Each structure stands twice: as C-alpha cells, then as structure tokens.
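Participant: First, the structure itself, so that you have it in front of you.
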Amino acid sequence: MNVREQDLEQRAAQHAALGDVARLAIVDLLAASDASPSELRAALGVAAPLLAHHLRVLEQAGLVARRRSDGDGRRSYLHLEPSAAPHGSAAPQRPVSRVLFVCTGNSSRSPLAAGVWAEVSDVRSESGGTRPAKAIAPGALAVAARHGLDLGHHVPRSFRGLVADGDLVVTVCDRAHEAIDDGDALHWSLPNPSRLGTPEAYEDTYAELRSRATALAERLAA
C-alpha cells in the first residue's frame with residue numbers, strides 16, 4: 001500500500017468514526033475543552049461502557065488522544081488531535097470580556113498563555129495561579145524572549161483576586177483544573193515544562209499554547 005492509499009484509508013476511517021451523533025458530540029465538547037471521561041459522561045449523560053466504546057473508536061481513528069493527569073494520576077484527559085479540530089463546533093455561549101489563564105504557580109504556562117493570547121486576539125487577558133510561585137520560571141522567560149513576548153515584569157499572583165464577571169477562565173494545568181470548582185471554565189491539559197526544564201520542553205509548551213489560543217480566538221471572533 002502506498003502513502004496515498006494509506007492517507008485515503010485513514011481519512012475514510014475518520015469520516016466513519018464521525019458518522020455517529022454521540023461521537024460528534026464528544027468532538028464538539030473536546031473542541032472547547034479537554035475533559036476526563038467522567039466529565040464527558042456527565043455532560044453527555046451516557047453510560048460508562050458506551051462512552052468507552054465511542055472513545056475507543058475516536059482514538060483508533062486518530063481523532064482523539066489522552067494524557068495522564070499531572071495532578072491526580074488516576075485521571076486522564078482527552079483532547080482533540082489536529083485532524084479532528086475542523087470537525088468541532090465550540091463557540092462560547094456567552095459574551096467574553098476577558099480571558100483569565102490559570103495554572104498552579106503562575107510561573108510558566110499561564111503567563112505564557114496570556115502573552116500568546118495578546119498576539120492572537122483583541123480580547124484582554126490576565127493570568128494567575130492557584131498557589132503562586134515566588135518568581136517566573138527562567139525557562140518561561142527564555143522561550144518568551146525567543147518568540148518576542150515580554151514577560152520580564154511578570155510577578156506570580158493568585159487568580160482568586162482577579163476573577164471578574166465576563167471572564168472566561170482557562171486552566172492550563174491539570175492541578176489547577178482539579179482545584180477549581182468552576183463548571184464554566186475551559187481546560188487545556190498541558191504538561192509542566194519545568195519538570196524537564198529543557199528549551200525543547202518550553203518550546204513544545206509555547207507551540208501548543210499558540211495553536212490552542214489561535215483556535216479559541218477564532219471561535220470567540222466568530
């Protein structure tokens with residue numbers, strides 16, 4: 001089988017996987033926010049075995065992947081692969097005056113997210129943490145500088161004093177998501193680049209934030 005035939009077979013499998021109302025609903029939910037299987041069950045009102053079947057079909061078609069939680073290791077979070085993103089419709093159902101990005105320490109992922117957001121959207125942004133660190137991570141400063149983001153004056157702070165009416169809260173780490181009881185918040189399950197501390201880890205984080213922020217900005221604009 002040549003490359004062209006393999007591509008056609010994969011695309012056919014993906015279209016077949018999407019030919020089901022429940023699986024399309026899963027893709028719509030994941031287009032807005034990463035979610036654990038239990039969160040998907042609650043949103044869709046389906047039994048665990050049936051949800052497991054639908055997720056297995058979507059994963060085998062390369063449309064959905066899962067990542068073990070950085071916080072509660074018993075959990076996993078599902079996210080859309082790029083090939084599934086165009087199929088999802090996930091415009092927020094309320095006006096958004098500001099996007100508030102939240103991670104645990106407010107020292108790398110959330111300030112980077114706010115910096116990236118400022119480049120892709122006219123909607124204002126802020127960032128905060130559930131347990132603010134003493135200072136921003138050197139690796140975050142370095143990757144920001146490589147991409148022209150100025151985070152040099154950022155001081156980690158608590159998100160709780162920042163939340164206001166009209167905010168769209170986006171958690172960008174699993175620990176923050178699991179600590180915040182907010183059904184309206186979106187979640188992006190990003191690994192902590194500080195664990196590896198390498199330039200490559202921070203570059204991967206920046207690239208994923210840029211991709212997700214661009215997609216969300218397009219949905220808000222629409």
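Letters A, B, ... go to the chains of the structure tokens in the order shown; residues in each chain start at 1; ligands are counted from 1 in the same order.
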Could you please write out, as a compact mmCIF listing (two decimals) with all heavy atoms, in the first residue's frame, every residue of region 6-179 of chain A that DSSP assigns to alpha helix (DSSP H)?

Facilitator:
```txt
# COMPACT_ATOMS: atom_id res chain seq x y z
N GLN A 6 -2.71 4.87 1.99
CA GLN A 6 -2.77 4.92 3.46
C GLN A 6 -3.51 6.16 3.94
O GLN A 6 -4.32 6.10 4.87
CB GLN A 6 -1.36 4.89 4.04
CG GLN A 6 -0.66 3.54 3.89
CD GLN A 6 0.76 3.59 4.42
OE1 GLN A 6 1.37 4.66 4.49
NE2 GLN A 6 1.29 2.44 4.77
N ASP A 7 -3.24 7.29 3.28
CA ASP A 7 -3.92 8.53 3.65
C ASP A 7 -5.42 8.43 3.40
O ASP A 7 -6.23 8.86 4.23
CB ASP A 7 -3.32 9.70 2.85
CG ASP A 7 -4.04 11.01 3.12
OD1 ASP A 7 -3.99 11.46 4.28
OD2 ASP A 7 -4.67 11.57 2.20
N LEU A 8 -5.80 7.85 2.27
CA LEU A 8 -7.22 7.70 1.97
C LEU A 8 -7.90 6.78 2.97
O LEU A 8 -9.04 7.05 3.41
CB LEU A 8 -7.39 7.16 0.54
CG LEU A 8 -7.09 8.13 -0.60
CD1 LEU A 8 -7.10 7.40 -1.93
CD2 LEU A 8 -8.09 9.28 -0.61
N GLU A 9 -7.23 5.69 3.35
CA GLU A 9 -7.82 4.78 4.32
C GLU A 9 -8.00 5.45 5.67
O GLU A 9 -9.02 5.26 6.35
CB GLU A 9 -6.95 3.52 4.46
CG GLU A 9 -7.07 2.56 3.29
CD GLU A 9 -6.81 1.12 3.71
OE1 GLU A 9 -6.43 0.90 4.87
OE2 GLU A 9 -6.99 0.24 2.86
N GLN A 10 -7.01 6.24 6.10
CA GLN A 10 -7.12 6.93 7.38
C GLN A 10 -8.25 7.95 7.36
O GLN A 10 -9.04 8.04 8.31
CB GLN A 10 -5.81 7.62 7.73
CG GLN A 10 -5.87 8.33 9.10
CD GLN A 10 -4.57 9.00 9.46
OE1 GLN A 10 -3.71 9.20 8.61
NE2 GLN A 10 -4.43 9.37 10.72
N ARG A 11 -8.35 8.69 6.27
CA ARG A 11 -9.43 9.67 6.17
C ARG A 11 -10.80 9.00 6.15
O ARG A 11 -11.76 9.49 6.76
CB ARG A 11 -9.24 10.54 4.93
CG ARG A 11 -8.10 11.54 5.06
CD ARG A 11 -7.68 12.11 3.74
NE ARG A 11 -8.80 12.72 3.02
CZ ARG A 11 -8.79 12.99 1.73
NH1 ARG A 11 -7.72 12.66 0.99
NH2 ARG A 11 -9.82 13.56 1.15
N ALA A 12 -10.90 7.85 5.46
CA ALA A 12 -12.16 7.12 5.44
C ALA A 12 -12.53 6.63 6.84
O ALA A 12 -13.70 6.70 7.24
CB ALA A 12 -12.06 5.94 4.47
N ALA A 13 -11.53 6.16 7.59
CA ALA A 13 -11.78 5.70 8.96
C ALA A 13 -12.23 6.86 9.84
O ALA A 13 -13.11 6.69 10.70
CB ALA A 13 -10.51 5.05 9.53
N GLN A 14 -11.64 8.03 9.63
CA GLN A 14 -12.03 9.18 10.43
C GLN A 14 -13.45 9.62 10.12
O GLN A 14 -14.23 9.93 11.04
CB GLN A 14 -11.04 10.33 10.21
CG GLN A 14 -9.66 10.05 10.80
CD GLN A 14 -8.66 11.14 10.49
OE1 GLN A 14 -8.88 11.96 9.60
NE2 GLN A 14 -7.56 11.16 11.24
N HIS A 15 -13.81 9.66 8.85
CA HIS A 15 -15.17 10.03 8.49
C HIS A 15 -16.17 9.00 9.02
O HIS A 15 -17.27 9.37 9.47
CB HIS A 15 -15.31 10.17 6.97
CG HIS A 15 -14.73 11.45 6.44
ND1 HIS A 15 -15.35 12.67 6.59
CD2 HIS A 15 -13.57 11.70 5.78
CE1 HIS A 15 -14.61 13.62 6.04
NE2 HIS A 15 -13.52 13.06 5.54
N ALA A 16 -15.80 7.73 8.99
CA ALA A 16 -16.69 6.70 9.54
C ALA A 16 -16.86 6.89 11.04
O ALA A 16 -17.97 6.74 11.58
CB ALA A 16 -16.13 5.32 9.23
N ALA A 17 -15.77 7.22 11.73
CA ALA A 17 -15.84 7.43 13.18
C ALA A 17 -16.74 8.61 13.53
O ALA A 17 -17.41 8.61 14.57
CB ALA A 17 -14.43 7.66 13.74
N VAL A 21 -23.87 10.44 16.02
CA VAL A 21 -24.25 11.66 16.74
C VAL A 21 -23.48 11.79 18.05
O VAL A 21 -23.00 12.88 18.40
CB VAL A 21 -25.77 11.68 16.99
CG1 VAL A 21 -26.14 12.84 17.90
CG2 VAL A 21 -26.52 11.79 15.67
N ALA A 22 -23.35 10.72 18.81
CA ALA A 22 -22.68 10.78 20.10
C ALA A 22 -21.20 11.13 19.93
O ALA A 22 -20.64 11.92 20.70
CB ALA A 22 -22.83 9.46 20.85
N ARG A 23 -20.56 10.55 18.91
CA ARG A 23 -19.14 10.84 18.71
C ARG A 23 -18.93 12.27 18.22
O ARG A 23 -17.94 12.92 18.57
CB ARG A 23 -18.52 9.80 17.76
CG ARG A 23 -18.45 8.41 18.41
CD ARG A 23 -17.52 7.49 17.68
NE ARG A 23 -18.06 6.94 16.46
CZ ARG A 23 -18.83 5.84 16.40
NH1 ARG A 23 -19.13 5.18 17.51
NH2 ARG A 23 -19.26 5.39 15.23
N LEU A 24 -19.86 12.78 17.42
CA LEU A 24 -19.77 14.18 17.02
C LEU A 24 -19.94 15.09 18.24
O LEU A 24 -19.28 16.13 18.35
CB LEU A 24 -20.84 14.51 15.98
CG LEU A 24 -20.52 14.12 14.54
CD1 LEU A 24 -21.74 14.39 13.65
CD2 LEU A 24 -19.32 14.90 14.01
N ALA A 25 -20.81 14.70 19.17
CA ALA A 25 -21.00 15.49 20.39
C ALA A 25 -19.72 15.50 21.23
O ALA A 25 -19.35 16.52 21.82
CB ALA A 25 -22.16 14.93 21.21
N ILE A 26 -19.02 14.37 21.28
CA ILE A 26 -17.75 14.31 22.00
C ILE A 26 -16.73 15.24 21.37
O ILE A 26 -16.02 15.98 22.06
CB ILE A 26 -17.22 12.86 22.03
CG1 ILE A 26 -18.12 11.97 22.89
CG2 ILE A 26 -15.78 12.81 22.54
CD1 ILE A 26 -17.82 10.49 22.78
N VAL A 27 -16.66 15.21 20.04
CA VAL A 27 -15.72 16.10 19.33
C VAL A 27 -16.06 17.56 19.60
O VAL A 27 -15.17 18.39 19.82
CB VAL A 27 -15.73 15.78 17.82
CG1 VAL A 27 -14.99 16.87 17.04
CG2 VAL A 27 -15.09 14.43 17.56
N ASP A 28 -17.34 17.91 19.62
CA ASP A 28 -17.74 19.28 19.92
C ASP A 28 -17.30 19.69 21.32
O ASP A 28 -16.78 20.79 21.53
CB ASP A 28 -19.26 19.43 19.81
CG ASP A 28 -19.71 19.80 18.40
OD1 ASP A 28 -18.84 19.93 17.51
OD2 ASP A 28 -20.92 19.93 18.18
N LEU A 29 -17.50 18.82 22.29
CA LEU A 29 -17.09 19.13 23.67
C LEU A 29 -15.58 19.30 23.77
O LEU A 29 -15.09 20.23 24.43
CB LEU A 29 -17.58 18.03 24.62
CG LEU A 29 -19.08 17.98 24.87
CD1 LEU A 29 -19.45 16.70 25.62
CD2 LEU A 29 -19.53 19.20 25.67
N LEU A 30 -14.84 18.42 23.12
CA LEU A 30 -13.38 18.48 23.21
C LEU A 30 -12.81 19.61 22.38
O LEU A 30 -11.67 20.04 22.60
CB LEU A 30 -12.77 17.14 22.80
CG LEU A 30 -13.09 15.95 23.72
CD1 LEU A 30 -12.42 14.68 23.19
CD2 LEU A 30 -12.64 16.23 25.15
N ALA A 31 -13.57 20.11 21.41
CA ALA A 31 -13.12 21.28 20.66
C ALA A 31 -13.05 22.50 21.56
O ALA A 31 -12.24 23.41 21.35
CB ALA A 31 -14.04 21.55 19.48
N ALA A 32 -13.89 22.52 22.60
CA ALA A 32 -13.90 23.64 23.54
C ALA A 32 -12.92 23.42 24.67
O ALA A 32 -12.23 24.35 25.10
CB ALA A 32 -15.30 23.83 24.11
N PRO A 37 -12.87 11.34 31.15
CA PRO A 37 -14.03 10.52 30.79
C PRO A 37 -15.23 10.78 31.70
O PRO A 37 -16.38 10.80 31.22
CB PRO A 37 -13.50 9.09 30.94
CG PRO A 37 -12.04 9.22 30.63
CD PRO A 37 -11.63 10.53 31.24
N SER A 38 -15.01 10.98 33.00
CA SER A 38 -16.14 11.23 33.90
C SER A 38 -16.81 12.56 33.58
O SER A 38 -18.05 12.68 33.68
CB SER A 38 -15.68 11.21 35.36
OG SER A 38 -14.71 12.22 35.60
N GLU A 39 -16.03 13.56 33.17
CA GLU A 39 -16.63 14.84 32.78
C GLU A 39 -17.44 14.70 31.50
O GLU A 39 -18.51 15.30 31.35
CB GLU A 39 -15.53 15.89 32.62
CG GLU A 39 -14.91 16.31 33.96
CD GLU A 39 -13.64 17.11 33.80
OE1 GLU A 39 -12.98 17.02 32.72
OE2 GLU A 39 -13.27 17.83 34.74
N LEU A 40 -16.95 13.90 30.56
CA LEU A 40 -17.72 13.66 29.34
C LEU A 40 -19.00 12.90 29.64
O LEU A 40 -20.05 13.21 29.06
CB LEU A 40 -16.86 12.87 28.34
CG LEU A 40 -15.71 13.62 27.68
CD1 LEU A 40 -14.89 12.67 26.82
CD2 LEU A 40 -16.22 14.79 26.84
N ARG A 41 -18.92 11.91 30.53
CA ARG A 41 -20.14 11.16 30.89
C ARG A 41 -21.18 12.10 31.47
O ARG A 41 -22.38 12.00 31.14
CB ARG A 41 -19.81 10.06 31.91
CG ARG A 41 -19.14 8.85 31.32
CD ARG A 41 -19.31 7.62 32.20
NE ARG A 41 -18.89 7.86 33.59
CZ ARG A 41 -17.65 7.71 34.02
NH1 ARG A 41 -16.70 7.34 33.17
NH2 ARG A 41 -17.34 7.92 35.28
N ALA A 42 -20.76 13.00 32.36
CA ALA A 42 -21.70 13.92 32.99
C ALA A 42 -22.32 14.87 31.96
O ALA A 42 -23.51 15.18 32.02
CB ALA A 42 -21.00 14.72 34.08
N ALA A 43 -21.51 15.32 31.01
CA ALA A 43 -22.02 16.26 30.01
C ALA A 43 -22.96 15.60 29.02
O ALA A 43 -23.93 16.22 28.57
CB ALA A 43 -20.84 16.90 29.27
N LEU A 44 -22.67 14.34 28.67
CA LEU A 44 -23.45 13.65 27.63
C LEU A 44 -24.57 12.79 28.19
O LEU A 44 -25.49 12.43 27.46
CB LEU A 44 -22.51 12.78 26.79
CG LEU A 44 -21.46 13.52 25.97
CD1 LEU A 44 -20.46 12.53 25.38
CD2 LEU A 44 -22.11 14.34 24.87
N ALA A 48 -20.99 4.51 31.16
CA ALA A 48 -19.53 4.38 31.03
C ALA A 48 -19.13 3.40 29.92
O ALA A 48 -18.22 3.72 29.14
CB ALA A 48 -18.93 3.96 32.37
N PRO A 49 -19.73 2.22 29.81
CA PRO A 49 -19.31 1.30 28.74
C PRO A 49 -19.55 1.87 27.34
O PRO A 49 -18.72 1.68 26.45
CB PRO A 49 -20.17 0.05 28.98
CG PRO A 49 -20.55 0.12 30.43
CD PRO A 49 -20.72 1.58 30.71
N LEU A 50 -20.67 2.58 27.16
CA LEU A 50 -20.95 3.15 25.84
C LEU A 50 -19.96 4.27 25.53
O LEU A 50 -19.45 4.37 24.40
CB LEU A 50 -22.38 3.68 25.77
CG LEU A 50 -22.83 4.28 24.43
CD1 LEU A 50 -22.66 3.26 23.30
CD2 LEU A 50 -24.27 4.77 24.51
N LEU A 51 -19.65 5.11 26.52
CA LEU A 51 -18.66 6.16 26.30
C LEU A 51 -17.31 5.56 25.96
O LEU A 51 -16.62 6.04 25.05
CB LEU A 51 -18.54 7.06 27.53
CG LEU A 51 -17.49 8.15 27.41
CD1 LEU A 51 -17.87 9.17 26.35
CD2 LEU A 51 -17.26 8.85 28.76
N ALA A 52 -16.92 4.51 26.67
CA ALA A 52 -15.63 3.86 26.40
C ALA A 52 -15.57 3.36 24.96
O ALA A 52 -14.53 3.47 24.30
CB ALA A 52 -15.41 2.71 27.38
N HIS A 53 -16.68 2.82 24.47
CA HIS A 53 -16.73 2.35 23.07
C HIS A 53 -16.51 3.52 22.12
O HIS A 53 -15.69 3.43 21.18
CB HIS A 53 -18.07 1.68 22.79
CG HIS A 53 -18.37 1.53 21.32
ND1 HIS A 53 -17.70 0.65 20.51
CD2 HIS A 53 -19.27 2.21 20.52
CE1 HIS A 53 -18.16 0.75 19.27
NE2 HIS A 53 -19.10 1.69 19.25
N HIS A 54 -17.24 4.62 22.33
CA HIS A 54 -17.11 5.77 21.43
C HIS A 54 -15.69 6.34 21.46
O HIS A 54 -15.13 6.69 20.42
CB HIS A 54 -18.11 6.85 21.82
CG HIS A 54 -19.53 6.52 21.49
ND1 HIS A 54 -19.92 6.01 20.27
CD2 HIS A 54 -20.68 6.63 22.22
CE1 HIS A 54 -21.23 5.82 20.25
NE2 HIS A 54 -21.72 6.20 21.44
N LEU A 55 -15.10 6.43 22.64
CA LEU A 55 -13.74 6.96 22.74
C LEU A 55 -12.74 6.05 22.06
O LEU A 55 -11.79 6.51 21.41
CB LEU A 55 -13.36 7.15 24.21
CG LEU A 55 -14.11 8.26 24.96
CD1 LEU A 55 -13.69 8.29 26.43
CD2 LEU A 55 -13.87 9.62 24.31
N ARG A 56 -12.95 4.74 22.17
CA ARG A 56 -12.05 3.79 21.52
C ARG A 56 -12.09 3.97 20.00
O ARG A 56 -11.04 3.96 19.33
CB ARG A 56 -12.43 2.36 21.91
CG ARG A 56 -11.47 1.29 21.38
CD ARG A 56 -11.67 -0.02 22.12
NE ARG A 56 -13.05 -0.48 22.07
CZ ARG A 56 -13.88 -0.50 23.13
NH1 ARG A 56 -13.45 -0.07 24.31
NH2 ARG A 56 -15.11 -0.93 23.01
N VAL A 57 -13.28 4.17 19.45
CA VAL A 57 -13.41 4.38 18.00
C VAL A 57 -12.69 5.67 17.59
O VAL A 57 -11.96 5.70 16.60
CB VAL A 57 -14.90 4.45 17.60
CG1 VAL A 57 -15.05 4.88 16.14
CG2 VAL A 57 -15.57 3.10 17.82
N LEU A 58 -12.88 6.74 18.36
CA LEU A 58 -12.25 8.03 18.03
C LEU A 58 -10.73 7.96 18.17
O LEU A 58 -10.00 8.53 17.36
CB LEU A 58 -12.82 9.13 18.93
CG LEU A 58 -14.29 9.51 18.67
CD1 LEU A 58 -14.80 10.42 19.78
CD2 LEU A 58 -14.44 10.18 17.31
N GLU A 59 -10.26 7.24 19.17
CA GLU A 59 -8.81 7.11 19.36
C GLU A 59 -8.19 6.26 18.25
O GLU A 59 -7.12 6.59 17.73
CB GLU A 59 -8.52 6.51 20.73
CG GLU A 59 -8.79 7.48 21.88
CD GLU A 59 -8.50 6.86 23.25
OE1 GLU A 59 -9.41 6.19 23.80
OE2 GLU A 59 -7.38 7.04 23.75
N GLN A 60 -8.85 5.17 17.88
CA GLN A 60 -8.32 4.32 16.83
C GLN A 60 -8.27 5.03 15.49
O GLN A 60 -7.41 4.75 14.65
CB GLN A 60 -9.16 3.05 16.73
CG GLN A 60 -8.97 2.10 17.91
CD GLN A 60 -9.91 0.90 17.86
OE1 GLN A 60 -10.89 0.88 17.11
NE2 GLN A 60 -9.63 -0.11 18.67
N ARG A 109 3.24 28.30 32.42
CA ARG A 109 2.20 28.08 31.43
C ARG A 109 1.19 29.21 31.33
O ARG A 109 0.87 29.67 30.22
CB ARG A 109 1.49 26.75 31.72
CG ARG A 109 2.29 25.53 31.32
CD ARG A 109 1.74 24.25 31.93
NE ARG A 109 2.01 24.20 33.36
CZ ARG A 109 1.74 23.15 34.15
NH1 ARG A 109 1.17 22.08 33.61
NH2 ARG A 109 2.03 23.17 35.43
N SER A 110 0.66 29.68 32.46
CA SER A 110 -0.38 30.72 32.37
C SER A 110 0.15 32.07 31.92
O SER A 110 -0.50 32.73 31.09
CB SER A 110 -1.15 30.83 33.70
OG SER A 110 -0.30 31.13 34.78
N PRO A 111 1.33 32.56 32.38
CA PRO A 111 1.82 33.82 31.81
C PRO A 111 2.18 33.70 30.33
O PRO A 111 1.98 34.64 29.56
CB PRO A 111 3.04 34.17 32.67
CG PRO A 111 3.42 32.92 33.37
CD PRO A 111 2.16 32.13 33.52
N LEU A 112 2.72 32.54 29.93
CA LEU A 112 2.98 32.34 28.51
C LEU A 112 1.68 32.36 27.71
O LEU A 112 1.60 32.94 26.63
CB LEU A 112 3.71 31.01 28.28
CG LEU A 112 5.20 30.98 28.58
CD1 LEU A 112 5.73 29.54 28.54
CD2 LEU A 112 5.98 31.86 27.60
N ALA A 113 0.63 31.73 28.25
CA ALA A 113 -0.66 31.71 27.57
C ALA A 113 -1.20 33.13 27.40
O ALA A 113 -1.70 33.48 26.32
CB ALA A 113 -1.66 30.85 28.34
N ALA A 114 -1.10 33.94 28.44
CA ALA A 114 -1.60 35.32 28.35
C ALA A 114 -0.78 36.12 27.34
O ALA A 114 -1.33 36.94 26.59
CB ALA A 114 -1.56 35.98 29.72
N GLY A 115 0.54 35.88 27.31
CA GLY A 115 1.38 36.57 26.34
C GLY A 115 1.06 36.19 24.92
O GLY A 115 1.00 37.05 24.03
N VAL A 116 0.87 34.90 24.68
CA VAL A 116 0.50 34.43 23.34
C VAL A 116 -0.87 34.99 22.95
O VAL A 116 -1.09 35.42 21.81
CB VAL A 116 0.49 32.88 23.30
CG1 VAL A 116 -0.19 32.38 22.04
CG2 VAL A 116 1.92 32.35 23.39
N TRP A 117 -1.80 34.97 23.91
CA TRP A 117 -3.15 35.43 23.62
C TRP A 117 -3.16 36.89 23.13
O TRP A 117 -3.91 37.25 22.22
CB TRP A 117 -4.03 35.31 24.86
CG TRP A 117 -5.45 35.72 24.62
CD1 TRP A 117 -6.03 36.92 24.92
CD2 TRP A 117 -6.47 34.94 23.99
NE1 TRP A 117 -7.35 36.94 24.53
CE2 TRP A 117 -7.64 35.73 23.96
CE3 TRP A 117 -6.51 33.64 23.47
CZ2 TRP A 117 -8.83 35.27 23.42
CZ3 TRP A 117 -7.70 33.18 22.93
CH2 TRP A 117 -8.85 33.99 22.90
N ALA A 118 -2.33 37.70 23.73
CA ALA A 118 -2.27 39.12 23.35
C ALA A 118 -1.86 39.30 21.89
O ALA A 118 -2.17 40.32 21.28
CB ALA A 118 -1.31 39.87 24.26
N GLU A 119 -1.19 38.30 21.33
CA GLU A 119 -0.76 38.38 19.94
C GLU A 119 -1.81 37.88 18.95
O GLU A 119 -1.75 38.22 17.77
CB GLU A 119 0.53 37.58 19.74
CG GLU A 119 1.73 38.18 20.45
CD GLU A 119 3.03 37.60 19.94
OE1 GLU A 119 3.03 36.44 19.45
OE2 GLU A 119 4.05 38.30 20.02
N VAL A 120 -2.78 37.09 19.43
CA VAL A 120 -3.73 36.48 18.50
C VAL A 120 -5.15 37.00 18.66
O VAL A 120 -6.02 36.66 17.87
CB VAL A 120 -3.72 34.94 18.64
CG1 VAL A 120 -2.34 34.38 18.37
CG2 VAL A 120 -4.24 34.49 20.00
N PRO A 138 12.75 30.63 34.84
CA PRO A 138 13.72 31.10 33.85
C PRO A 138 13.46 30.54 32.45
O PRO A 138 13.65 31.25 31.45
CB PRO A 138 15.06 30.61 34.41
CG PRO A 138 14.83 30.50 35.88
CD PRO A 138 13.40 30.06 36.03
N GLY A 139 13.02 29.29 32.38
CA GLY A 139 12.74 28.70 31.07
C GLY A 139 11.59 29.40 30.36
O GLY A 139 11.58 29.51 29.13
N ALA A 140 10.61 29.87 31.14
CA ALA A 140 9.50 30.61 30.53
C ALA A 140 9.97 31.95 30.00
O ALA A 140 9.56 32.38 28.91
CB ALA A 140 8.38 30.80 31.55
N LEU A 141 10.82 32.62 30.75
CA LEU A 141 11.38 33.89 30.28
C LEU A 141 12.17 33.69 29.00
O LEU A 141 12.10 34.50 28.07
CB LEU A 141 12.27 34.51 31.36
CG LEU A 141 11.56 35.11 32.58
CD1 LEU A 141 12.59 35.55 33.62
CD2 LEU A 141 10.68 36.28 32.17
N ALA A 142 12.94 32.60 28.95
CA ALA A 142 13.80 32.35 27.79
C ALA A 142 12.97 32.07 26.54
O ALA A 142 13.24 32.63 25.47
CB ALA A 142 14.74 31.18 28.08
N VAL A 143 11.95 31.21 26.65
CA VAL A 143 11.15 30.91 25.46
C VAL A 143 10.33 32.13 25.04
O VAL A 143 10.13 32.37 23.85
CB VAL A 143 10.25 29.67 25.69
CG1 VAL A 143 9.07 29.98 26.60
CG2 VAL A 143 9.74 29.12 24.36
N ALA A 144 9.89 32.92 26.01
CA ALA A 144 9.16 34.15 25.67
C ALA A 144 10.06 35.09 24.89
O ALA A 144 9.64 35.68 23.87
CB ALA A 144 8.65 34.82 26.94
N ALA A 145 11.30 35.24 25.33
CA ALA A 145 12.23 36.12 24.64
C ALA A 145 12.51 35.64 23.22
O ALA A 145 12.61 36.44 22.29
CB ALA A 145 13.53 36.22 25.43
N ARG A 146 12.60 34.32 23.04
CA ARG A 146 12.87 33.78 21.71
C ARG A 146 11.74 34.09 20.74
O ARG A 146 11.94 34.15 19.53
CB ARG A 146 13.10 32.26 21.78
CG ARG A 146 14.44 31.87 22.40
CD ARG A 146 14.78 30.42 22.13
NE ARG A 146 13.88 29.48 22.77
CZ ARG A 146 14.04 29.01 24.00
NH1 ARG A 146 15.06 29.43 24.75
NH2 ARG A 146 13.19 28.13 24.51
N ASP A 174 -3.31 20.60 34.89
CA ASP A 174 -4.30 19.69 35.48
C ASP A 174 -4.53 19.98 36.95
O ASP A 174 -5.66 19.89 37.44
CB ASP A 174 -3.84 18.24 35.30
CG ASP A 174 -3.73 17.84 33.84
OD1 ASP A 174 -4.46 18.43 33.01
OD2 ASP A 174 -2.90 16.97 33.52
N ARG A 175 -3.49 20.32 37.70
CA ARG A 175 -3.66 20.60 39.13
C ARG A 175 -4.60 21.79 39.34
O ARG A 175 -5.45 21.76 40.23
CB ARG A 175 -2.31 20.88 39.78
CG ARG A 175 -1.41 19.66 39.90
CD ARG A 175 -0.09 20.00 40.59
NE ARG A 175 0.82 18.88 40.61
CZ ARG A 175 0.81 17.90 41.53
NH1 ARG A 175 -0.08 17.96 42.51
NH2 ARG A 175 1.67 16.91 41.46
N ALA A 176 -4.46 22.82 38.52
CA ALA A 176 -5.35 23.97 38.65
C ALA A 176 -6.78 23.57 38.31
O ALA A 176 -7.73 23.96 39.00
CB ALA A 176 -4.86 25.10 37.75
N HIS A 177 -6.94 22.82 37.23
CA HIS A 177 -8.28 22.37 36.84
C HIS A 177 -8.94 21.58 37.96
O HIS A 177 -10.13 21.77 38.25
CB HIS A 177 -8.19 21.51 35.58
CG HIS A 177 -9.49 20.90 35.17
ND1 HIS A 177 -10.55 21.63 34.69
CD2 HIS A 177 -9.90 19.60 35.17
CE1 HIS A 177 -11.56 20.82 34.42
NE2 HIS A 177 -11.20 19.58 34.69
N GLU A 178 -8.18 20.72 38.59
CA GLU A 178 -8.74 19.87 39.64
C GLU A 178 -8.96 20.63 40.95
O GLU A 178 -9.70 20.15 41.82
CB GLU A 178 -7.81 18.67 39.86
CG GLU A 178 -7.82 17.72 38.65
CD GLU A 178 -6.60 16.83 38.54
OE1 GLU A 178 -5.83 16.74 39.52
OE2 GLU A 178 -6.41 16.23 37.47
N ALA A 179 -8.35 21.81 41.08
CA ALA A 179 -8.51 22.61 42.30
C ALA A 179 -9.64 23.63 42.18
O ALA A 179 -10.11 24.15 43.19
CB ALA A 179 -7.21 23.34 42.63
```

Participant: How many Å separate CA of Ser158 (chain A) from CA of Arg131 (chain A)?

Facilitator: 6.7 Å

Participant: Could you pull out all residues of chain A with a DSSP call of strand (DSSP E or B) and give them as an MDAnalysis selection string?

Facilitator: chainID A and resid 35 64:68 76:80 98:103 124:129 158 167:171 186:187

Participant: From the set A:Leu151, A:Ala213, A:Ala164, A:Asp20, which residue has the shortest atom-to-atom contact distance to Ser121 (chain A), counting only C-alpha atoms?

Facilitator: A:Ala213

Participant: Expressed in Å to a single decimal, how great is the separation between CA of Asp181 (chain A) and CA of Gly105 (chain A)?

Facilitator: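 Interatomic distance, CA of Asp181 (chain A) to CA of Gly105 (chain A): 17.7 Å.
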
Participant: Write out as number ranges by chain the residues lying within 6 Å of Ser107 (chain A), counting only C-alpha atoms and excluding same-chain residues fewer than 2 positions away.

Facilitator: A: 105, 136-137, 156

Participant: Please produce an output containing N, CA, C and O atoms for each residue in the selection, written as a PDB file, in the first residue's frame.

Facilitator:
```pdb
ATOM      1  N   GLY A 105       1.384  27.578  39.652  1.00  0.00           N
ATOM      2  CA  GLY A 105       2.320  28.566  40.167  1.00  0.00           C
ATOM      3  C   GLY A 105       2.268  29.913  39.488  1.00  0.00           C
ATOM      4  O   GLY A 105       2.889  30.873  39.963  1.00  0.00           O
ATOM      5  N   ILE A 136       8.786  33.974  38.253  1.00  0.00           N
ATOM      6  CA  ILE A 136       8.556  33.305  36.985  1.00  0.00           C
ATOM      7  C   ILE A 136       9.725  32.372  36.681  1.00  0.00           C
ATOM      8  O   ILE A 136      10.870  32.640  37.072  1.00  0.00           O
ATOM      9  N   ALA A 137       9.451  31.264  36.008  1.00  0.00           N
ATOM     10  CA  ALA A 137      10.485  30.273  35.699  1.00  0.00           C
ATOM     11  C   ALA A 137      11.444  30.817  34.645  1.00  0.00           C
ATOM     12  O   ALA A 137      11.013  31.403  33.651  1.00  0.00           O
ATOM     13  N   PRO A 156       4.264  36.342  39.758  1.00  0.00           N
ATOM     14  CA  PRO A 156       3.181  35.386  40.010  1.00  0.00           C
ATOM     15  C   PRO A 156       2.219  35.882  41.081  1.00  0.00           C
ATOM     16  O   PRO A 156       2.627  36.454  42.092  1.00  0.00           O
TER      17      PRO A 156
END
```

Participant: Out of A:Gly183, A:Gly73, A:Gly148, A:Gly166, which residue has the shortest atom-to-atom distance to Ser33 (chain A) when counting only C-alpha atoms?

Facilitator: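 The answer is A:Gly183, which sits nearest to Ser33 (chain A).
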